[in-house]
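Shown here: run-v8.cif, mmCIF, C-alpha atoms.
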data_upload
loop_
_atom_site.group_PDB
_atom_site.id
_atom_site.type_symbol
_atom_site.label_atom_id
_atom_site.label_comp_id
_atom_site.auth_asym_id
_atom_site.auth_seq_id
_atom_site.Cartn_x
_atom_site.Cartn_y
_atom_site.Cartn_z
ATOM 1 C CA MET Y 1 0.000 0.000 0.000
ATOM 2 C CA SER Y 2 1.429 3.364 -0.988
ATOM 3 C CA HIS Y 3 1.607 6.156 1.548
ATOM 4 C CA HIS Y 4 1.327 9.744 0.441
ATOM 5 C CA PRO Y 5 3.509 12.271 2.262
ATOM 6 C CA PRO Y 6 1.610 14.658 4.557
ATOM 7 C CA ARG Y 7 0.167 17.622 2.676
ATOM 8 C CA ARG Y 8 2.009 20.849 3.322
ATOM 9 C CA PRO Y 9 -0.342 23.515 4.721
ATOM 10 C CA LEU Y 10 -0.876 26.450 2.421
ATOM 11 C CA PRO Y 11 0.458 29.762 3.736
ATOM 12 C CA LEU Y 12 -2.097 32.270 4.995
ATOM 13 C CA ILE Y 13 -1.893 35.942 4.064
ATOM 14 C CA ALA Y 14 -1.324 37.705 7.363
ATOM 15 C CA VAL Y 15 0.285 40.960 6.266
ATOM 16 C CA HIS Y 16 -2.563 43.396 5.777
ATOM 17 C CA ALA Y 17 -5.127 42.268 8.382
ATOM 18 C CA GLU Y 18 -4.434 44.937 10.998
ATOM 19 C CA THR Y 19 -4.211 47.736 8.418
ATOM 20 C CA ALA Y 20 -7.455 46.539 6.838
ATOM 21 C CA ALA Y 21 -9.161 46.368 10.242
ATOM 22 C CA ASN Y 22 -8.169 49.945 11.025
ATOM 23 C CA ALA Y 23 -9.219 51.134 7.566
ATOM 24 C CA GLU Y 24 -12.583 49.397 7.797
ATOM 25 C CA GLN Y 25 -13.265 50.860 11.228
ATOM 26 C CA ARG Y 26 -12.386 54.326 9.930
ATOM 27 C CA VAL Y 27 -14.757 53.913 6.986
ATOM 28 C CA ILE Y 28 -17.512 52.774 9.371
ATOM 29 C CA GLU Y 29 -16.928 55.868 11.508
ATOM 30 C CA LEU Y 30 -17.043 58.219 8.526
ATOM 31 C CA LEU Y 31 -20.199 56.640 7.105
ATOM 32 C CA GLY Y 32 -21.812 56.881 10.542
ATOM 33 C CA VAL Y 33 -20.991 60.588 10.740
ATOM 34 C CA ALA Y 34 -22.456 60.998 7.249
ATOM 35 C CA GLY Y 35 -25.752 59.598 8.537
ATOM 36 C CA ALA Y 36 -25.662 56.072 7.097
ATOM 37 C CA SER Y 37 -27.609 53.496 9.114
ATOM 38 C CA PRO Y 38 -25.758 50.477 10.581
ATOM 39 C CA GLY Y 39 -27.455 48.191 8.076
ATOM 40 C CA GLU Y 40 -26.486 50.398 5.154
ATOM 41 C CA VAL Y 41 -22.895 50.620 6.386
ATOM 42 C CA HIS Y 42 -22.715 46.831 6.704
ATOM 43 C CA THR Y 43 -24.099 46.366 3.182
ATOM 44 C CA LEU Y 44 -21.650 48.868 1.678
ATOM 45 C CA ILE Y 45 -18.654 47.241 3.351
ATOM 46 C CA ALA Y 46 -19.828 43.838 2.108
ATOM 47 C CA ALA Y 47 -20.171 45.193 -1.433
ATOM 48 C CA ILE Y 48 -16.554 46.358 -1.333
ATOM 49 C CA ARG Y 49 -15.422 42.942 -0.101
ATOM 50 C CA ALA Y 50 -17.443 41.141 -2.778
ATOM 51 C CA GLY Y 51 -15.972 43.408 -5.448
ATOM 52 C CA ALA Y 52 -12.462 42.578 -4.255
ATOM 53 C CA VAL Y 53 -13.252 38.859 -4.484
ATOM 54 C CA GLU Y 54 -14.598 39.302 -8.021
ATOM 55 C CA GLY Y 55 -11.418 41.146 -8.930
ATOM 56 C CA ALA Y 56 -9.408 38.188 -7.697
ATOM 57 C CA GLN Y 57 -11.676 35.882 -9.700
ATOM 58 C CA GLY Y 58 -10.882 37.838 -12.860
ATOM 59 C CA GLU Y 59 -7.170 37.297 -12.297
ATOM 60 C CA VAL Y 60 -7.747 33.586 -11.713
ATOM 61 C CA ILE Y 61 -9.747 33.262 -14.939
ATOM 62 C CA ALA Y 62 -6.838 34.838 -16.825
ATOM 63 C CA LEU Y 63 -4.711 31.859 -15.761
ATOM 64 C CA ASP Y 64 -6.703 29.419 -17.913
ATOM 65 C CA THR Y 65 -4.326 29.923 -20.854
ATOM 66 C CA GLN Y 66 -1.149 29.977 -18.775
ATOM 67 C CA ALA Y 67 -0.584 26.303 -18.093
ATOM 68 C CA PRO Y 68 3.098 25.285 -18.096
ATOM 69 C CA ALA Y 69 4.395 24.907 -21.622
ATOM 70 C CA ASP Y 70 5.392 21.545 -23.072
ATOM 71 C CA THR Y 71 3.171 19.547 -20.715
ATOM 72 C CA SER Y 72 0.870 16.652 -21.488
ATOM 73 C CA ASP Y 73 -2.781 16.998 -22.390
ATOM 74 C CA GLN Y 74 -3.600 15.491 -19.005
ATOM 75 C CA VAL Y 75 -1.682 18.231 -17.189
ATOM 76 C CA GLN Y 76 -3.277 20.893 -19.376
ATOM 77 C CA GLU Y 77 -6.732 19.523 -18.587
ATOM 78 C CA GLY Y 78 -5.947 19.383 -14.867
ATOM 79 C CA TRP Y 79 -4.763 22.986 -14.945
ATOM 80 C CA LEU Y 80 -7.969 24.138 -16.642
ATOM 81 C CA ARG Y 81 -10.161 22.229 -14.176
ATOM 82 C CA ALA Y 82 -8.296 23.766 -11.232
ATOM 83 C CA VAL Y 83 -8.788 27.264 -12.642
ATOM 84 C CA GLU Y 84 -12.489 26.595 -13.224
ATOM 85 C CA THR Y 85 -12.946 25.211 -9.701
ATOM 86 C CA ILE Y 86 -11.235 28.167 -8.032
ATOM 87 C CA SER Y 87 -13.100 30.634 -10.230
ATOM 88 C CA GLU Y 88 -16.474 29.093 -9.381
ATOM 89 C CA ARG Y 89 -15.607 29.079 -5.682
ATOM 90 C CA LEU Y 90 -14.639 32.754 -5.707
ATOM 91 C CA ALA Y 91 -17.880 33.637 -7.506
ATOM 92 C CA HIS Y 92 -19.819 31.765 -4.819
ATOM 93 C CA ILE Y 93 -17.919 33.567 -2.045
ATOM 94 C CA ALA Y 94 -18.704 36.959 -3.586
ATOM 95 C CA ASP Y 95 -22.410 36.126 -3.933
ATOM 96 C CA ARG Y 96 -22.596 34.723 -0.423
ATOM 97 C CA THR Y 97 -20.870 37.791 1.010
ATOM 98 C CA ILE Y 98 -23.671 39.969 -0.359
ATOM 99 C CA GLN Y 99 -26.429 37.571 0.724
ATOM 100 C CA GLN Y 100 -25.108 37.296 4.273
ATOM 101 C CA ALA Y 101 -24.706 41.073 4.498
ATOM 102 C CA ARG Y 102 -28.334 41.611 3.482
ATOM 103 C CA THR Y 103 -29.500 39.172 6.157
ATOM 104 C CA ALA Y 104 -27.336 40.795 8.824
ATOM 105 C CA ALA Y 105 -28.364 44.295 7.720
ATOM 106 C CA ALA Y 106 -32.036 43.371 7.965
ATOM 107 C CA ALA Y 107 -31.451 42.174 11.538
ATOM 108 C CA MET Y 108 -29.629 45.410 12.358
ATOM 109 C CA GLU Y 109 -32.476 47.533 11.064
ATOM 110 C CA THR Y 110 -34.896 45.836 13.463
ATOM 111 C CA ARG Y 111 -33.084 47.397 16.430
ATOM 112 C CA PRO Y 112 -34.347 50.600 18.009
ATOM 113 C CA VAL Y 113 -32.826 53.676 16.358
ATOM 114 C CA THR Y 114 -31.974 56.969 18.003
ATOM 115 C CA SER Y 115 -34.095 60.030 17.434
ATOM 116 C CA GLU Y 116 -33.125 62.235 14.498
ATOM 117 C CA SER Y 117 -32.693 65.047 16.982
ATOM 118 C CA GLU Y 118 -29.850 63.181 18.676
ATOM 119 C CA PRO Y 119 -26.398 64.026 17.318
ATOM 120 C CA THR Y 120 -24.527 61.314 15.420
ATOM 121 C CA SER Y 121 -21.327 60.253 17.131
ATOM 122 C CA LEU Y 122 -18.417 58.041 16.196
ATOM 123 C CA PRO Y 123 -18.435 54.431 17.436
ATOM 124 C CA THR Y 124 -16.427 54.313 20.643
ATOM 125 C CA PRO Y 125 -14.023 51.384 21.189
ATOM 126 C CA VAL Y 126 -13.964 49.830 24.652
ATOM 127 C CA ASP Y 127 -10.735 49.030 26.450
ATOM 128 C CA GLN Y 128 -12.365 46.568 28.826
ATOM 129 C CA VAL Y 129 -15.697 44.760 28.971
ATOM 130 C CA GLY Y 130 -17.329 44.487 32.405
ATOM 131 C CA GLU Y 131 -17.959 41.119 34.017
ATOM 132 C CA GLU Y 132 -21.724 41.736 34.101
ATOM 133 C CA GLN Y 133 -21.813 42.351 30.342
ATOM 134 C CA VAL Y 134 -19.729 39.256 29.677
ATOM 135 C CA GLN Y 135 -22.086 37.189 31.822
ATOM 136 C CA GLN Y 136 -25.239 38.533 30.151
ATOM 137 C CA VAL Y 137 -23.874 37.801 26.674
ATOM 138 C CA LEU Y 138 -22.674 34.362 27.781
ATOM 139 C CA GLU Y 139 -26.121 33.473 29.129
ATOM 140 C CA ALA Y 140 -27.731 34.493 25.821
ATOM 141 C CA ALA Y 141 -25.090 32.707 23.754
ATOM 142 C CA GLU Y 142 -25.462 29.557 25.861
ATOM 143 C CA ARG Y 143 -29.250 29.545 25.401
ATOM 144 C CA ILE Y 144 -28.792 29.824 21.641
ATOM 145 C CA PHE Y 145 -26.002 27.237 21.513
ATOM 146 C CA VAL Y 146 -27.883 24.636 23.587
ATOM 147 C CA SER Y 147 -31.060 25.153 21.549
ATOM 148 C CA LEU Y 148 -29.066 24.434 18.388
ATOM 149 C CA THR Y 149 -26.922 21.539 19.624
ATOM 150 C CA GLY Y 150 -28.412 20.146 22.835
ATOM 151 C CA TYR Y 151 -24.828 20.121 24.128
ATOM 152 C CA THR Y 152 -24.193 21.316 27.686
ATOM 153 C CA GLY Y 153 -20.618 20.171 28.333
ATOM 154 C CA ILE Y 154 -19.131 23.632 27.937
ATOM 155 C CA ASP Y 155 -16.224 25.292 29.725
ATOM 156 C CA ARG Y 156 -17.722 28.472 31.198
ATOM 157 C CA ASP Y 157 -14.374 29.787 32.434
ATOM 158 C CA LEU Y 158 -13.036 29.565 28.896
ATOM 159 C CA SER Y 159 -16.212 31.211 27.571
ATOM 160 C CA GLN Y 160 -15.807 34.167 29.913
ATOM 161 C CA GLU Y 161 -12.148 34.526 29.001
ATOM 162 C CA ILE Y 162 -12.854 34.513 25.264
ATOM 163 C CA LEU Y 163 -15.909 36.786 25.440
ATOM 164 C CA ALA Y 164 -14.001 39.380 27.466
ATOM 165 C CA VAL Y 165 -11.826 39.776 24.363
ATOM 166 C CA VAL Y 166 -14.340 39.212 21.547
ATOM 167 C CA LEU Y 167 -16.769 41.773 22.978
ATOM 168 C CA LYS Y 168 -14.107 44.460 22.565
ATOM 169 C CA SER Y 169 -15.085 44.386 18.883
ATOM 170 C CA VAL Y 170 -18.522 45.725 19.919
ATOM 171 C CA SER Y 171 -18.606 49.513 20.163
ATOM 172 C CA ALA Y 172 -19.524 51.176 23.442
ATOM 173 C CA GLU Y 173 -22.765 52.420 21.855
ATOM 174 C CA GLN Y 174 -23.824 48.862 20.947
ATOM 175 C CA GLN Y 175 -22.845 47.109 24.176
ATOM 176 C CA GLN Y 176 -26.153 47.727 25.962
ATOM 177 C CA ASP Y 177 -28.311 46.255 23.184
ATOM 178 C CA TYR Y 178 -25.835 43.610 22.071
ATOM 179 C CA VAL Y 179 -27.785 40.682 23.531
ATOM 180 C CA ARG Y 180 -30.791 41.713 21.431
ATOM 181 C CA GLN Y 181 -28.518 42.065 18.405
ATOM 182 C CA LEU Y 182 -27.073 38.584 18.997
ATOM 183 C CA GLU Y 183 -30.535 37.055 19.314
ATOM 184 C CA ALA Y 184 -31.681 38.737 16.085
ATOM 185 C CA PHE Y 185 -28.587 37.422 14.309
ATOM 186 C CA ALA Y 186 -29.171 33.891 15.604
ATOM 187 C CA GLU Y 187 -32.775 33.941 14.388
ATOM 188 C CA ALA Y 188 -31.834 35.282 10.950
ATOM 189 C CA SER Y 189 -28.879 32.876 10.593
ATOM 190 C CA ARG Y 190 -30.418 29.820 12.235
ATOM 191 C CA ASP Y 191 -30.102 27.552 9.177
ATOM 192 C CA ARG Y 192 -26.400 28.349 8.785
ATOM 193 C CA LEU Y 193 -25.739 27.876 12.496
ATOM 194 C CA VAL Y 194 -27.540 24.530 12.499
ATOM 195 C CA GLN Y 195 -25.462 23.414 9.533
ATOM 196 C CA LEU Y 196 -22.239 24.606 11.194
ATOM 197 C CA TYR Y 197 -22.819 22.663 14.401
ATOM 198 C CA ARG Y 198 -24.166 19.547 12.720
ATOM 199 C CA LYS Y 199 -21.014 19.379 10.650
ATOM 200 C CA TYR Y 200 -18.292 20.616 13.031
ATOM 201 C CA GLY Y 201 -19.947 20.766 16.450
ATOM 202 C CA PRO Y 202 -20.450 18.109 19.144
ATOM 203 C CA GLY Y 203 -21.023 14.759 17.467
ATOM 204 C CA GLY Y 204 -20.551 16.253 13.999
ATOM 205 C CA LYS Y 205 -18.909 14.308 11.187
ATOM 206 C CA PHE Y 206 -15.942 16.692 11.118
ATOM 207 C CA ALA Y 207 -15.869 17.612 14.803
ATOM 208 C CA ASP Y 208 -12.375 18.251 16.150
ATOM 209 C CA GLU Y 209 -12.582 20.101 19.457
ATOM 210 C CA SER Y 210 -8.843 19.839 20.068
ATOM 211 C CA HIS Y 211 -8.105 21.943 16.986
ATOM 212 C CA CYS Y 212 -11.097 24.305 17.127
ATOM 213 C CA TYR Y 213 -12.791 24.542 20.520
ATOM 214 C CA LEU Y 214 -15.098 27.319 19.273
ATOM 215 C CA THR Y 215 -17.293 24.693 17.601
ATOM 216 C CA HIS Y 216 -18.051 23.253 21.061
ATOM 217 C CA GLN Y 217 -18.456 26.496 22.991
ATOM 218 C CA PRO Y 218 -21.354 29.016 23.117
ATOM 219 C CA GLU Y 219 -19.065 31.973 22.421
ATOM 220 C CA GLY Y 220 -18.779 30.543 18.917
ATOM 221 C CA VAL Y 221 -22.206 32.064 18.206
ATOM 222 C CA VAL Y 222 -20.856 35.494 19.152
ATOM 223 C CA VAL Y 223 -17.792 34.939 16.974
ATOM 224 C CA CYS Y 224 -20.058 34.091 14.010
ATOM 225 C CA GLU Y 225 -22.018 37.314 14.511
ATOM 226 C CA ARG Y 226 -18.838 39.376 14.732
ATOM 227 C CA LEU Y 227 -17.394 37.640 11.640
ATOM 228 C CA ASP Y 228 -20.465 38.726 9.681
ATOM 229 C CA SER Y 229 -20.437 42.246 11.153
ATOM 230 C CA VAL Y 230 -16.849 43.396 11.777
ATOM 231 C CA PRO Y 231 -14.434 40.590 10.811
ATOM 232 C CA MET Y 232 -11.350 42.810 10.636
ATOM 233 C CA TRP Y 233 -12.039 44.360 14.023
ATOM 234 C CA LEU Y 234 -12.603 40.903 15.507
ATOM 235 C CA ASN Y 235 -9.310 39.663 14.056
ATOM 236 C CA ALA Y 236 -7.486 42.663 15.479
ATOM 237 C CA VAL Y 237 -8.691 42.192 19.071
ATOM 238 C CA TRP Y 238 -8.357 38.395 18.909
ATOM 239 C CA ASN Y 239 -4.823 38.345 17.528
ATOM 240 C CA ASP Y 240 -3.760 41.030 19.987
ATOM 241 C CA GLU Y 241 -4.843 39.158 23.110
ATOM 242 C CA ILE Y 242 -5.506 35.462 22.461
ATOM 243 C CA ASP Y 243 -2.655 33.052 21.842
ATOM 244 C CA ALA Y 244 -4.675 30.847 19.503
ATOM 245 C CA GLU Y 245 -4.743 32.589 16.139
ATOM 246 C CA LEU Y 246 -5.135 29.356 14.192
ATOM 247 C CA THR Y 247 -8.319 28.571 16.140
ATOM 248 C CA LEU Y 248 -10.026 31.695 14.794
ATOM 249 C CA ASP Y 249 -8.609 31.103 11.302
ATOM 250 C CA ARG Y 250 -9.989 27.566 11.252
ATOM 251 C CA PHE Y 251 -13.374 28.590 12.654
ATOM 252 C CA THR Y 252 -13.596 31.434 10.118
ATOM 253 C CA LYS Y 253 -13.031 28.950 7.291
ATOM 254 C CA TYR Y 254 -15.757 26.682 8.678
ATOM 255 C CA TRP Y 255 -18.242 29.561 8.901
ATOM 256 C CA ARG Y 256 -17.414 31.207 5.570
ATOM 257 C CA PHE Y 257 -16.379 28.334 3.343
ATOM 258 C CA GLY Y 258 -17.232 25.056 5.058
ATOM 259 C CA LEU Y 259 -21.006 25.116 4.702
ATOM 260 C CA GLY Y 260 -23.246 24.417 1.747
ATOM 261 C CA PRO Y 261 -24.616 27.154 -0.535
ATOM 262 C CA SER Y 262 -26.671 29.714 1.353
#
Once you've parsed the file, please lay out its structure as structure tokens.
Amino acid sequence: MSHHPPRRPLPLIAVHAETAANAEQRVIELLGVAGASPGEVHTLIAAIRAGAVEGAQGEVIALDTQAPADTSDQVQEGWLRAVETISERLAHIADRTIQQARTAAAAMETRPVTSESEPTSLPTPVDQVGEEQVQQVLEAAERIFVSLTGYTGIDRDLSQEILAVVLKSVSAEQQQDYVRQLEAFAEASRDRLVQLYRKYGPGGKFADESHCYLTHQPEGVVVCERLDSVPMWLNAVWNDEIDAELTLDRFTKYWRFGLGPS
């Protein structure tokens, strides 16, 4: 029996994440000052992301005629199939980015809005999230998680530790109503969450808690919401304080790319 050598992991691009997170947050602030609603801001940011993915798809398509010279027909055919597969996947990612943004934006617009007479202010970052806020969000996240999975064997100390960091990607203005925002997200994204946990969560076919504990913890629901709302900001606070960057990378791939068409 032949044994294939272990596959070398592909390198991740980790050069521009912090710059992109800062740029995105600045754009969000400017659009907020200009009077754009949270849902509109979210949709505009998603449109920019989808356009960037389509731009990458165009460059991939251009590779279809650039197979290595003097290779067999079999290699040429394999090259073309690889280009087609990647191109189709990028097109799906771009479409899904827009679809998910519309769902999230609709949930955002259901929240109470401030009176027009109130001045518009910039989102205010928080340096530290209070224990009471962490506990309230954890209780809501646990209710959602258990309703989706039936799993109760969670590590609450770990949940509190992770949420104290993840919730720093929620602006001070949104902290008070964040539980309501999380519940609206969970309702709007229920089908995707069910699919995520059935596949990667407790008892799932591809479950691997040792490599991605977020699939077995209620704070994973919060991470999903933040990935759909402010992924760059989430990455910035996570990578700055949690010594488990690959955990978030893997969970992000599950949430964005590891589910069926949505």
- List the residues matched by the PyMOL selection byres ((chain Y and resi 57) around 9) in the displayed structure as a PyMOL selection string, ordered by chain and then by residue number. chain Y and resi 52-56+58-62+86-91
- Item | Close residues, range 189-203 of chain Y itself excluded, 10 Å, only C-alpha atoms, min 5 positions apart in chain, as a PyMOL selection string | chain Y and resi 100+103-104+107+144-145+147-153+183-184+208-209+212-217+220-221+224-225+251+254-256+258-262
- Query: the PyMOL selection byres ((chain Y and resi 235) around 10) on the file shown: which residues, as a list of chain:residue names?
  - Reply: Y:Ala17, Y:Glu18, Y:Ala21, Y:Val166, Y:Ser169, Y:Arg226, Y:Leu227, Y:Val230, Y:Pro231, Y:Met232, Y:Trp233, Y:Leu234, Y:Ala236, Y:Val237, Y:Trp238, Y:Asn239, Y:Asp240, Y:Glu245, Y:Leu248, Y:Asp249
- Item | Option closest in space to His211 in chain Y, from Y:Leu30, Y:Thr247, Y:Ile48, Y:Glu187 [counting all atoms listed in the file] | Y:Thr247
- Item | Between CA of Trp79 in chain Y and CA of Leu63 in chain Y, distance in Å (one decimal) | 8.9 Å
Run the PyMOL selection byres ((chain Y and resi 98) around 12) mentally over the shown coordinates, then write out the matched residues as an mmCIF file with C-alpha atoms, in the coordinates of the input, using the chain letters and numbers from the document.
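Produced file expr.cif, reproduced below:
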data_model
loop_
_atom_site.group_PDB
_atom_site.id
_atom_site.type_symbol
_atom_site.label_atom_id
_atom_site.label_comp_id
_atom_site.auth_asym_id
_atom_site.auth_seq_id
_atom_site.Cartn_x
_atom_site.Cartn_y
_atom_site.Cartn_z
ATOM 1 C CA HIS Y 42 -22.715 46.831 6.704
ATOM 2 C CA THR Y 43 -24.099 46.366 3.182
ATOM 3 C CA LEU Y 44 -21.650 48.868 1.678
ATOM 4 C CA ILE Y 45 -18.654 47.241 3.351
ATOM 5 C CA ALA Y 46 -19.828 43.838 2.108
ATOM 6 C CA ALA Y 47 -20.171 45.193 -1.433
ATOM 7 C CA ILE Y 48 -16.554 46.358 -1.333
ATOM 8 C CA ARG Y 49 -15.422 42.942 -0.101
ATOM 9 C CA ALA Y 50 -17.443 41.141 -2.778
ATOM 10 C CA GLY Y 51 -15.972 43.408 -5.448
ATOM 11 C CA VAL Y 53 -13.252 38.859 -4.484
ATOM 12 C CA GLU Y 54 -14.598 39.302 -8.021
ATOM 13 C CA ALA Y 91 -17.880 33.637 -7.506
ATOM 14 C CA HIS Y 92 -19.819 31.765 -4.819
ATOM 15 C CA ILE Y 93 -17.919 33.567 -2.045
ATOM 16 C CA ALA Y 94 -18.704 36.959 -3.586
ATOM 17 C CA ASP Y 95 -22.410 36.126 -3.933
ATOM 18 C CA ARG Y 96 -22.596 34.723 -0.423
ATOM 19 C CA THR Y 97 -20.870 37.791 1.010
ATOM 20 C CA GLN Y 99 -26.429 37.571 0.724
ATOM 21 C CA GLN Y 100 -25.108 37.296 4.273
ATOM 22 C CA ALA Y 101 -24.706 41.073 4.498
ATOM 23 C CA ARG Y 102 -28.334 41.611 3.482
ATOM 24 C CA THR Y 103 -29.500 39.172 6.157
ATOM 25 C CA ALA Y 104 -27.336 40.795 8.824
ATOM 26 C CA ALA Y 105 -28.364 44.295 7.720
ATOM 27 C CA ASP Y 228 -20.465 38.726 9.681
ATOM 28 C CA SER Y 262 -26.671 29.714 1.353
#
- Task: Tell me, in Å to one decimal, how far CA of Gln174 in chain Y is from CA of Ile154 in chain Y.
- Result: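 Atom-to-atom, CA of Gln174 in chain Y and CA of Ile154 in chain Y are spaced 26.6 Å apart.
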- Message: Would you compute the distance between CA of Leu167 in chain Y and CA of Gly204 in chain Y? Give it in Å to one decimal.
- Response: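 Computing the Euclidean distance for CA of Leu167 in chain Y and CA of Gly204 in chain Y yields 27.3 Å.
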- Message: Between Y:Ala188, Y:Arg250, Y:Val170, Y:Ile242, which residue has the minimum interatomic distance to Gln128 in chain Y, considering only C-alpha atoms?
- Response: Y:Val170
- Pick out the closest residue to Leu138 in chain Y from this set: Y:Gln66, Y:Thr124, Y:Gln176, Y:Gln160. Count all atoms listed in the file.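 Distance minimum relative to Leu138 in chain Y lands on Y:Gln160.
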- Message: Using all atoms listed in the file for the distances, tell me which of Y:Ile28, Y:Ala34, Y:Ala140, Y:Val223 is nearest to Ser171 in chain Y.
- Response: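 Between Y:Ile28, Y:Ala34, Y:Ala140, Y:Val223, the residue approaching Ser171 in chain Y most closely is Y:Ile28.
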- Message: Need to verify the contact set: Glu139 in chain Y, 12 Å, all atoms listed in the file, exclusion of same-chain residues closer than 2 positions in sequence. Can you return it as a PyMOL selection string?
- Response: chain Y and resi 132-137+141-146+156+159-160+163+179+182-183+218-219+221-222
- Task: Rank Y:Ser37, Y:Thr85, Y:Gln76, Y:Asn22 by their smallest atom-to-atom distance to Pro125 in chain Y, using only C-alpha atoms, and report the top residue only.
- Result: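 Distance minimum relative to Pro125 in chain Y lands on Y:Asn22.
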Report the centre and edge lengths, in Å to one decimal, of an axis-aligned box enclosing every atom of range 74-84 of chain Y listed in the file, padded by 4 Å on each side, as JSON.
{"center_x": -7.1, "center_y": 21.4, "center_z": -15.3, "size_x": 18.8, "size_y": 19.8, "size_z": 16.1}
As a tab-separated table (two decimals), in the frame of the given file, please: range 156-162 of chain Y completed to all heavy atoms.
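Final output, saved to selection_25.tsv:
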chain	number	residue	atom	x	y	z
Y	156	ARG	N	-17.27	27.09	31.00
Y	156	ARG	CA	-17.72	28.47	31.20
Y	156	ARG	C	-16.57	29.42	31.51
Y	156	ARG	O	-16.61	30.60	31.15
Y	156	ARG	CB	-18.77	28.54	32.30
Y	156	ARG	CG	-20.12	27.96	31.86
Y	156	ARG	CD	-21.18	28.15	32.92
Y	156	ARG	NE	-22.47	27.68	32.43
Y	156	ARG	CZ	-22.84	26.40	32.44
Y	156	ARG	NH1	-22.00	25.48	32.91
Y	156	ARG	NH2	-24.02	26.03	31.98
Y	157	ASP	N	-15.54	28.93	32.17
Y	157	ASP	CA	-14.37	29.79	32.43
Y	157	ASP	C	-13.72	30.20	31.12
Y	157	ASP	O	-13.33	31.36	30.93
Y	157	ASP	CB	-13.36	29.06	33.32
Y	157	ASP	CG	-13.85	28.88	34.75
Y	157	ASP	OD1	-14.74	29.66	35.17
Y	157	ASP	OD2	-13.35	27.98	35.45
Y	158	LEU	N	-13.60	29.25	30.21
Y	158	LEU	CA	-13.04	29.56	28.90
Y	158	LEU	C	-13.94	30.54	28.15
Y	158	LEU	O	-13.47	31.49	27.52
Y	158	LEU	CB	-12.86	28.29	28.08
Y	158	LEU	CG	-12.36	28.47	26.63
Y	158	LEU	CD1	-10.99	29.11	26.61
Y	158	LEU	CD2	-12.34	27.11	25.91
Y	159	SER	N	-15.26	30.32	28.24
Y	159	SER	CA	-16.21	31.21	27.57
Y	159	SER	C	-16.06	32.65	28.05
Y	159	SER	O	-16.02	33.59	27.26
Y	159	SER	CB	-17.65	30.74	27.82
Y	159	SER	OG	-17.90	29.50	27.22
Y	160	GLN	N	-15.95	32.83	29.35
Y	160	GLN	CA	-15.81	34.17	29.91
Y	160	GLN	C	-14.51	34.81	29.47
Y	160	GLN	O	-14.46	36.00	29.15
Y	160	GLN	CB	-15.89	34.10	31.44
Y	160	GLN	CG	-17.27	33.72	31.95
Y	160	GLN	CD	-17.30	33.49	33.45
Y	160	GLN	OE1	-16.26	33.41	34.10
Y	160	GLN	NE2	-18.49	33.37	34.02
Y	161	GLU	N	-13.45	34.01	29.42
Y	161	GLU	CA	-12.15	34.53	29.00
Y	161	GLU	C	-12.19	34.99	27.54
Y	161	GLU	O	-11.68	36.06	27.20
Y	161	GLU	CB	-11.09	33.44	29.18
Y	161	GLU	CG	-9.70	33.83	28.72
Y	161	GLU	CD	-8.71	32.69	28.83
Y	161	GLU	OE1	-9.02	31.68	29.51
Y	161	GLU	OE2	-7.63	32.79	28.23
Y	162	ILE	N	-12.79	34.18	26.68
Y	162	ILE	CA	-12.85	34.51	25.26
Y	162	ILE	C	-13.79	35.69	25.02
Y	162	ILE	O	-13.46	36.62	24.27
Y	162	ILE	CB	-13.31	33.30	24.44
Y	162	ILE	CG1	-12.31	32.14	24.59
Y	162	ILE	CG2	-13.47	33.67	22.97
Y	162	ILE	CD1	-10.91	32.46	24.15
